[in-house]
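Structure data follow from input.csv (CSV, C-alpha atoms):
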```
chain,number,residue,atom,x,y,z
A,133,TRP,CA,0.0,0.0,0.0
A,134,THR,CA,0.9,3.6,-0.2
A,135,GLN,CA,-0.4,6.5,1.9
A,136,PRO,CA,0.0,10.1,1.0
A,137,PHE,CA,1.4,12.0,4.0
A,138,ASN,CA,2.0,15.7,3.8
A,139,ASP,CA,3.4,16.3,7.3
A,140,GLU,CA,7.1,16.7,7.9
A,141,LEU,CA,8.4,13.9,10.2
A,142,ALA,CA,10.3,14.7,13.4
A,143,ALA,CA,11.8,11.1,13.5
A,144,ALA,CA,11.8,7.9,11.6
A,145,PRO,CA,8.6,5.8,11.7
A,146,VAL,CA,8.2,2.8,14.1
A,147,ALA,CA,6.4,-0.4,13.3
A,148,THR,CA,4.5,-2.5,15.8
A,149,ALA,CA,2.5,-5.7,15.2
A,150,ASP,CA,-0.4,-3.9,13.7
A,151,ARG,CA,0.5,-0.2,13.7
A,152,VAL,CA,3.0,2.2,12.1
A,153,LEU,CA,3.7,5.2,14.3
A,154,LEU,CA,4.8,8.5,13.0
A,155,ALA,CA,5.8,11.6,14.9
A,156,THR,CA,5.5,14.9,13.0
A,157,ALA,CA,7.5,18.1,13.3
A,158,GLU,CA,4.2,19.9,14.4
A,159,GLY,CA,3.8,17.6,17.4
A,160,ASP,CA,1.4,15.1,16.1
A,161,VAL,CA,1.7,11.4,16.8
A,162,VAL,CA,-0.1,9.4,14.1
A,163,ALA,CA,-1.0,5.7,14.1
A,164,LEU,CA,-1.6,4.0,10.8
A,165,ARG,CA,-3.0,0.5,10.4
A,166,ALA,CA,0.0,-1.6,9.2
A,167,GLY,CA,-2.1,-3.7,6.9
A,168,ASP,CA,-3.4,-0.9,4.7
A,169,GLY,CA,-2.0,2.4,5.8
A,170,VAL,CA,-5.3,3.9,7.0
A,171,GLU,CA,-5.0,6.5,9.7
A,172,VAL,CA,-6.4,5.0,13.0
A,173,TRP,CA,-5.8,8.0,15.2
A,174,ARG,CA,-3.8,11.3,15.5
A,175,ARG,CA,-2.9,13.0,18.8
A,176,ARG,CA,-1.4,16.5,19.0
A,177,LEU,CA,1.2,16.9,21.7
A,178,LYS,CA,2.4,20.2,23.1
A,179,ARG,CA,5.8,19.8,21.5
A,180,ALA,CA,7.3,17.6,18.8
A,181,ALA,CA,9.1,14.4,19.3
A,182,THR,CA,12.9,14.4,19.9
A,183,SER,CA,13.4,10.8,18.8
A,184,ARG,CA,11.5,7.8,17.4
A,185,PRO,CA,8.5,6.7,19.3
A,186,ALA,CA,8.7,3.3,21.0
A,187,ALA,CA,5.8,0.9,21.5
A,188,THR,CA,4.7,-2.2,23.4
A,189,ALA,CA,1.6,-4.3,22.5
A,190,THR,CA,-0.7,-1.7,24.2
A,191,HIS,CA,1.2,1.6,24.6
A,192,ALA,CA,3.2,4.1,22.5
A,193,PHE,CA,5.8,6.3,24.2
A,194,VAL,CA,7.2,9.6,22.8
A,195,ALA,CA,10.0,11.8,24.1
A,196,THR,CA,9.2,15.4,23.4
A,197,ALA,CA,11.0,18.7,23.1
A,198,ASP,CA,9.5,20.1,26.3
A,199,ASP,CA,11.5,17.5,28.3
A,200,GLN,CA,8.6,15.0,28.7
A,201,VAL,CA,7.9,11.4,28.0
A,202,VAL,CA,4.3,10.8,27.0
A,203,SER,CA,2.5,7.5,27.1
A,204,LEU,CA,-0.4,6.9,24.7
A,205,ASP,CA,-2.9,4.1,24.4
A,206,LEU,CA,-1.9,2.3,21.2
A,207,SER,CA,-5.5,1.6,20.2
A,208,THR,CA,-7.0,5.1,20.7
A,209,GLY,CA,-4.2,7.6,21.1
A,210,THR,CA,-5.4,8.7,24.5
A,211,VAL,CA,-2.7,10.2,26.7
A,212,LEU,CA,-2.2,7.9,29.7
A,213,TRP,CA,0.5,9.7,31.5
A,214,THR,CA,3.4,12.2,31.1
A,215,GLN,CA,6.7,12.4,33.0
A,216,ARG,CA,9.0,15.4,33.0
A,217,LEU,CA,12.7,14.7,32.7
A,218,GLY,CA,15.7,17.0,33.3
A,219,GLY,CA,16.1,17.5,29.5
A,220,ALA,CA,14.7,16.4,26.2
A,221,GLY,CA,14.7,12.6,25.8
A,222,HIS,CA,16.6,10.5,23.4
A,223,ASP,CA,15.6,7.1,21.9
A,224,ILE,CA,13.3,5.1,24.2
A,225,VAL,CA,13.7,1.4,24.7
A,226,ALA,CA,10.5,-0.2,25.9
A,227,ASP,CA,11.3,-3.5,27.6
A,228,GLY,CA,8.6,-5.2,29.6
A,229,ALA,CA,7.4,-3.0,32.4
A,230,ARG,CA,10.2,-0.5,32.0
A,231,LEU,CA,11.4,2.3,29.7
A,232,PHE,CA,15.0,3.1,29.3
A,233,LEU,CA,16.3,6.4,27.8
A,234,GLY,CA,18.9,9.1,28.0
A,235,ALA,CA,18.1,12.8,28.1
A,236,ARG,CA,19.9,16.0,27.4
A,237,ASP,CA,20.6,16.6,31.0
A,238,ARG,CA,23.4,14.0,30.8
A,239,ALA,CA,21.3,11.5,32.7
A,240,PHE,CA,20.0,8.1,31.9
A,241,TYR,CA,16.5,7.1,33.1
A,242,CYS,CA,14.5,4.0,33.9
A,243,LEU,CA,10.7,4.8,33.9
A,244,ASN,CA,7.9,2.6,35.0
A,245,ALA,CA,6.0,1.9,31.7
A,246,ASP,CA,2.6,1.7,33.5
A,247,ASN,CA,2.6,5.0,35.3
A,248,GLY,CA,5.8,7.0,34.2
A,249,ASP,CA,7.4,7.0,37.7
A,250,VAL,CA,11.1,7.4,37.6
A,251,GLU,CA,12.4,4.1,39.0
A,252,TRP,CA,16.0,5.3,38.8
A,253,ARG,CA,18.2,8.0,37.3
A,254,TRP,CA,21.9,7.5,36.5
A,255,PRO,CA,23.9,10.7,36.3
A,256,GLY,CA,26.2,10.2,33.3
A,257,GLY,CA,29.3,12.0,32.1
A,258,ALA,CA,27.6,13.0,28.8
A,259,ASP,CA,24.4,12.6,26.8
A,260,SER,CA,23.7,9.1,25.6
A,261,VAL,CA,24.0,8.2,22.0
A,262,GLY,CA,21.2,6.2,20.3
A,263,ALA,CA,19.1,3.6,21.9
A,264,ALA,CA,20.4,1.5,24.8
A,265,ALA,CA,20.8,-2.2,24.6
A,266,VAL,CA,19.0,-4.2,27.3
A,267,ASP,CA,19.3,-7.8,28.5
A,268,GLU,CA,17.9,-9.6,31.5
A,269,LYS,CA,20.4,-8.1,34.0
A,270,SER,CA,21.9,-5.0,32.4
A,271,VAL,CA,21.3,-1.9,30.4
A,272,TYR,CA,24.2,-0.9,28.1
A,273,VAL,CA,24.6,2.8,27.3
A,274,VAL,CA,27.1,4.6,25.0
A,275,SER,CA,27.5,8.3,25.6
A,276,LEU,CA,29.2,11.3,23.9
A,277,ASP,CA,32.2,10.9,26.2
A,278,ASN,CA,33.0,7.7,24.2
A,279,VAL,CA,32.3,5.4,27.1
A,280,LEU,CA,30.2,2.2,27.1
A,281,ARG,CA,28.6,1.7,30.5
A,282,GLY,CA,26.8,-1.3,31.8
A,283,LEU,CA,24.1,-0.4,34.4
A,284,ASN,CA,22.2,-2.8,36.6
A,285,ARG,CA,18.8,-3.1,35.1
A,286,SER,CA,16.9,-3.1,38.4
A,287,SER,CA,18.8,-0.4,40.3
A,288,GLY,CA,20.8,1.7,37.8
A,289,VAL,CA,24.0,1.0,39.6
A,290,GLN,CA,27.0,0.8,37.3
A,291,ARG,CA,28.2,-2.8,36.9
A,292,SER,CA,31.5,-3.8,38.4
A,293,GLU,CA,34.9,-3.1,36.7
A,294,GLU,CA,35.2,-6.8,35.9
A,295,HIS,CA,31.9,-6.7,34.0
A,296,THR,CA,32.8,-3.4,32.3
A,297,SER,CA,36.1,-4.9,31.1
A,298,GLU,CA,34.3,-7.9,29.7
A,299,LEU,CA,31.9,-5.5,27.8
A,300,GLN,CA,34.7,-3.4,26.4
A,301,SER,CA,36.5,-6.6,25.1
A,302,ARG,CA,33.2,-7.8,23.5
A,303,PHE,CA,32.1,-4.5,22.0
A,304,GLY,CA,35.4,-2.7,21.4
```
Before we go any further, please render this structure as C-alpha cells.
Amino acid sequence: WTQPFNDELAAAPVATADRVLLATAEGDVVALRAGDGVEVWRRRLKRAATSRPAATATHAFVATADDQVVSLDLSTGTVLWTQRLGGAGHDIVADGARLFLGARDRAFYCLNADNGDVEWRWPGGADSVGAAAVDEKSVYVVSLDNVLRGLNRSSGVQRSEEHTSELQSRFG
C-alpha cells in the first residue's frame, strides 16, 4: 500500500505488530494501520518528538522537546501519563514494564511503563548516543564521552569493573 502523507516527520517511523507510528514536526503522533496504511488516530502533543516513538503491545511512548515522555494508548491515542525529565529525551527502549532512555541533562532514566514514575536515574558523564541495549540483567549505554557503560537493570548502579572490562572486550 501507499499512503500520501503531507506532514514533515520529526523522527523515523516505528512499526509494531499492527500499527505504524509517525511523529510529525508539528507535534502530532499518528498511528496508521500496518495492513493498509489507513490512519487509525492522531494525537497533537504540546511539542514535537525528539526521537523515534517506542511501543509495546498496548502503549506508545514519545519523548518530546518540552522534556517530557508521553504514554499513549496504542489503540486510541489517548494520553495515559506524562513524565518530565531533566532534559529532552533520546531514543526510548520499551522493555517489559520499564522504559530506558537518556536525556539532554546527561542522565539516563528508567521509567515505569505503566505510570511513568522514575524508577532510577543514573547521572552520566555526557548525553547518551542512540538507543540503549538491554538484556535480562543490564542496560548498556554509550555516551558522547565515548564510554560504554553497563548499568544494573533493576537499580541503575554501574556494573563492576570486571563486568565493564568484559563489555569493552566484547564491543570494542
query = If we count all atoms listed in the file, what is near A:Arg253 at a cut-off of 12 Å, once residues fewer than 5 positions away on the same chain are taken out, given as a PyMOL selection string?
reply = chain A and resi 217-218+231-235+237-244+283-290
Enumerate, as a list in words, the protein, DNA and RNA residues whose atoms approach (32.0, 7.7, 26.3) to within 10 Å, taking into account only C-alpha atoms and the coordinate frame of the file.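 Counting only C-alpha atoms, I find these residues within 10 Å of (32.0, 7.7, 26.3): Gly256, Gly257, Ala258, Asp259, Ser260, Val261, Val273, Val274, Ser275, Leu276, Asp277, Asn278, Val279, Leu280 and Arg281 of chain A.
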Please, could you write that set of residues out with C-alpha atoms as a CSV table (one decimal), in the frame of the given file?
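After the write, again.csv holds the following:
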```
chain,number,residue,atom,x,y,z
A,256,GLY,CA,26.2,10.2,33.3
A,257,GLY,CA,29.3,12.0,32.1
A,258,ALA,CA,27.6,13.0,28.8
A,259,ASP,CA,24.4,12.6,26.8
A,260,SER,CA,23.7,9.1,25.6
A,261,VAL,CA,24.0,8.2,22.0
A,273,VAL,CA,24.6,2.8,27.3
A,274,VAL,CA,27.1,4.6,25.0
A,275,SER,CA,27.5,8.3,25.6
A,276,LEU,CA,29.2,11.3,23.9
A,277,ASP,CA,32.2,10.9,26.2
A,278,ASN,CA,33.0,7.7,24.2
A,279,VAL,CA,32.3,5.4,27.1
A,280,LEU,CA,30.2,2.2,27.1
A,281,ARG,CA,28.6,1.7,30.5
```
Atomic separation - atom CA of A:Val172 relative to atom CA of A:Leu206, Å
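Taking atom CA of A:Leu206 as the start and atom CA of A:Val172 as the end point, the length is 9.7 Å.
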Do you have the atom CA of A:Thr208-atom CA of A:Val266 distance handy?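 Atom-to-atom, atom CA of A:Thr208 and atom CA of A:Val266 are spaced 28.4 Å apart.
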Contacts of A:Ala226 at 8 Å (all atoms listed in the file; same-chain gap of 3+ positions) as an mmCIF file with C-alpha atoms, in the coordinates of the input:
```
data_model
loop_
_atom_site.group_PDB
_atom_site.id
_atom_site.type_symbol
_atom_site.label_atom_id
_atom_site.label_comp_id
_atom_site.auth_asym_id
_atom_site.auth_seq_id
_atom_site.Cartn_x
_atom_site.Cartn_y
_atom_site.Cartn_z
ATOM 1 C CA ALA A 186 8.700 3.300 21.000
ATOM 2 C CA ALA A 187 5.800 0.900 21.500
ATOM 3 C CA THR A 188 4.700 -2.200 23.400
ATOM 4 C CA ALA A 229 7.400 -3.000 32.400
ATOM 5 C CA ARG A 230 10.200 -0.500 32.000
ATOM 6 C CA LEU A 231 11.400 2.300 29.700
ATOM 7 C CA PHE A 232 15.000 3.100 29.300
ATOM 8 C CA ALA A 245 6.000 1.900 31.700
#
```
Just the number, please: distance in Å from atom CA of A:Ser183 to atom CA of A:Gly228, one decimal.
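Pair atom CA of A:Ser183 / atom CA of A:Gly228 returns 19.9 Å.
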*asked:* Using only C-alpha atoms for the distances, tell me which of A:Ala163, A:Ala181, A:Ala220, A:Trp173 is nearest to A:Ala142.
replied: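 Of all the options, A:Ala181 lies closest to A:Ala142.
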Could I see stretch 147-182 of chain A restored to N, CA and C atoms, set down as an mmCIF file, keeping the file's coordinate frame?
```
data_model
loop_
_atom_site.group_PDB
_atom_site.id
_atom_site.type_symbol
_atom_site.label_atom_id
_atom_site.label_comp_id
_atom_site.auth_asym_id
_atom_site.auth_seq_id
_atom_site.Cartn_x
_atom_site.Cartn_y
_atom_site.Cartn_z
ATOM 1 N N ALA A 147 7.389 0.574 13.532
ATOM 2 C CA ALA A 147 6.400 -0.400 13.300
ATOM 3 C C ALA A 147 6.145 -1.296 14.500
ATOM 4 N N THR A 148 4.886 -1.571 14.805
ATOM 5 C CA THR A 148 4.500 -2.500 15.800
ATOM 6 C C THR A 148 3.804 -3.671 15.120
ATOM 7 N N ALA A 149 3.191 -4.558 15.853
ATOM 8 C CA ALA A 149 2.500 -5.700 15.200
ATOM 9 C C ALA A 149 1.447 -5.274 14.244
ATOM 10 N N ASP A 150 0.649 -4.257 14.601
ATOM 11 C CA ASP A 150 -0.400 -3.900 13.700
ATOM 12 C C ASP A 150 -0.544 -2.370 13.463
ATOM 13 N N ARG A 151 0.481 -1.614 13.851
ATOM 14 C CA ARG A 151 0.500 -0.200 13.700
ATOM 15 C C ARG A 151 1.828 0.311 13.145
ATOM 16 N N VAL A 152 1.779 1.429 12.428
ATOM 17 C CA VAL A 152 3.000 2.200 12.100
ATOM 18 C C VAL A 152 2.808 3.530 12.776
ATOM 19 N N LEU A 153 3.783 3.914 13.600
ATOM 20 C CA LEU A 153 3.700 5.200 14.300
ATOM 21 C C LEU A 153 4.605 6.209 13.697
ATOM 22 N N LEU A 154 4.038 7.403 13.531
ATOM 23 C CA LEU A 154 4.800 8.500 13.000
ATOM 24 C C LEU A 154 4.710 9.690 13.935
ATOM 25 N N ALA A 155 5.789 10.429 14.035
ATOM 26 C CA ALA A 155 5.800 11.600 14.900
ATOM 27 C C ALA A 155 6.163 12.805 13.936
ATOM 28 N N THR A 156 5.280 13.808 13.900
ATOM 29 C CA THR A 156 5.500 14.900 13.000
ATOM 30 C C THR A 156 6.216 16.081 13.650
ATOM 31 N N ALA A 157 6.768 16.949 12.819
ATOM 32 C CA ALA A 157 7.500 18.100 13.300
ATOM 33 C C ALA A 157 6.528 19.120 13.992
ATOM 34 N N GLU A 158 5.238 19.018 13.727
ATOM 35 C CA GLU A 158 4.200 19.900 14.400
ATOM 36 C C GLU A 158 3.794 19.385 15.716
ATOM 37 N N GLY A 159 4.193 18.162 16.087
ATOM 38 C CA GLY A 159 3.800 17.600 17.400
ATOM 39 C C GLY A 159 2.757 16.561 17.372
ATOM 40 N N ASP A 160 2.347 16.130 16.186
ATOM 41 C CA ASP A 160 1.400 15.100 16.100
ATOM 42 C C ASP A 160 2.036 13.700 16.205
ATOM 43 N N VAL A 161 1.347 12.768 16.847
ATOM 44 C CA VAL A 161 1.700 11.400 16.800
ATOM 45 C C VAL A 161 0.562 10.712 16.015
ATOM 46 N N VAL A 162 0.906 9.956 14.970
ATOM 47 C CA VAL A 162 -0.100 9.400 14.100
ATOM 48 C C VAL A 162 0.095 7.869 14.066
ATOM 49 N N ALA A 163 -1.016 7.145 14.218
ATOM 50 C CA ALA A 163 -1.000 5.700 14.100
ATOM 51 C C ALA A 163 -1.712 5.280 12.841
ATOM 52 N N LEU A 164 -1.003 4.558 11.992
ATOM 53 C CA LEU A 164 -1.600 4.000 10.800
ATOM 54 C C LEU A 164 -1.752 2.506 10.963
ATOM 55 N N ARG A 165 -2.783 1.947 10.375
ATOM 56 C CA ARG A 165 -3.000 0.500 10.400
ATOM 57 C C ARG A 165 -1.906 -0.093 9.474
ATOM 58 N N ALA A 166 -1.111 -1.026 9.982
ATOM 59 C CA ALA A 166 0.000 -1.600 9.200
ATOM 60 C C ALA A 166 -0.463 -2.349 7.988
ATOM 61 N N GLY A 167 -1.642 -2.925 8.041
ATOM 62 C CA GLY A 167 -2.100 -3.700 6.900
ATOM 63 C C GLY A 167 -2.484 -2.943 5.683
ATOM 64 N N ASP A 168 -2.966 -1.680 5.867
ATOM 65 C CA ASP A 168 -3.400 -0.900 4.700
ATOM 66 C C ASP A 168 -3.044 0.555 4.721
ATOM 67 N N GLY A 169 -2.400 1.043 5.776
ATOM 68 C CA GLY A 169 -2.000 2.400 5.800
ATOM 69 C C GLY A 169 -3.026 3.436 6.213
ATOM 70 N N VAL A 170 -4.202 2.982 6.579
ATOM 71 C CA VAL A 170 -5.300 3.900 7.000
ATOM 72 C C VAL A 170 -4.975 4.483 8.338
ATOM 73 N N GLU A 171 -5.212 5.799 8.467
ATOM 74 C CA GLU A 171 -5.000 6.500 9.700
ATOM 75 C C GLU A 171 -6.007 5.989 10.775
ATOM 76 N N VAL A 172 -5.513 5.490 11.910
ATOM 77 C CA VAL A 172 -6.400 5.000 13.000
ATOM 78 C C VAL A 172 -6.653 6.112 13.987
ATOM 79 N N TRP A 173 -5.624 6.878 14.339
ATOM 80 C CA TRP A 173 -5.800 8.000 15.200
ATOM 81 C C TRP A 173 -4.622 8.983 15.045
ATOM 82 N N ARG A 174 -4.849 10.201 15.529
ATOM 83 C CA ARG A 174 -3.800 11.300 15.500
ATOM 84 C C ARG A 174 -3.986 12.038 16.803
ATOM 85 N N ARG A 175 -2.867 12.257 17.487
ATOM 86 C CA ARG A 175 -2.900 13.000 18.800
ATOM 87 C C ARG A 175 -1.875 14.114 18.682
ATOM 88 N N ARG A 176 -2.313 15.350 18.948
ATOM 89 C CA ARG A 176 -1.400 16.500 19.000
ATOM 90 C C ARG A 176 -0.837 16.640 20.359
ATOM 91 N N LEU A 177 0.500 16.631 20.452
ATOM 92 C CA LEU A 177 1.200 16.900 21.700
ATOM 93 C C LEU A 177 1.633 18.314 21.778
ATOM 94 N N LYS A 178 2.010 18.780 22.963
ATOM 95 C CA LYS A 178 2.400 20.200 23.100
ATOM 96 C C LYS A 178 3.639 20.534 22.323
ATOM 97 N N ARG A 179 4.558 19.583 22.216
ATOM 98 C CA ARG A 179 5.800 19.800 21.500
ATOM 99 C C ARG A 179 6.110 18.557 20.643
ATOM 100 N N ALA A 180 6.956 18.711 19.652
ATOM 101 C CA ALA A 180 7.300 17.600 18.800
ATOM 102 C C ALA A 180 8.214 16.597 19.431
ATOM 103 N N ALA A 181 8.249 15.426 18.842
ATOM 104 C CA ALA A 181 9.100 14.400 19.300
ATOM 105 C C ALA A 181 10.581 14.712 19.115
ATOM 106 N N THR A 182 11.432 14.234 20.014
ATOM 107 C CA THR A 182 12.900 14.400 19.900
ATOM 108 C C THR A 182 13.593 13.166 19.428
#
```
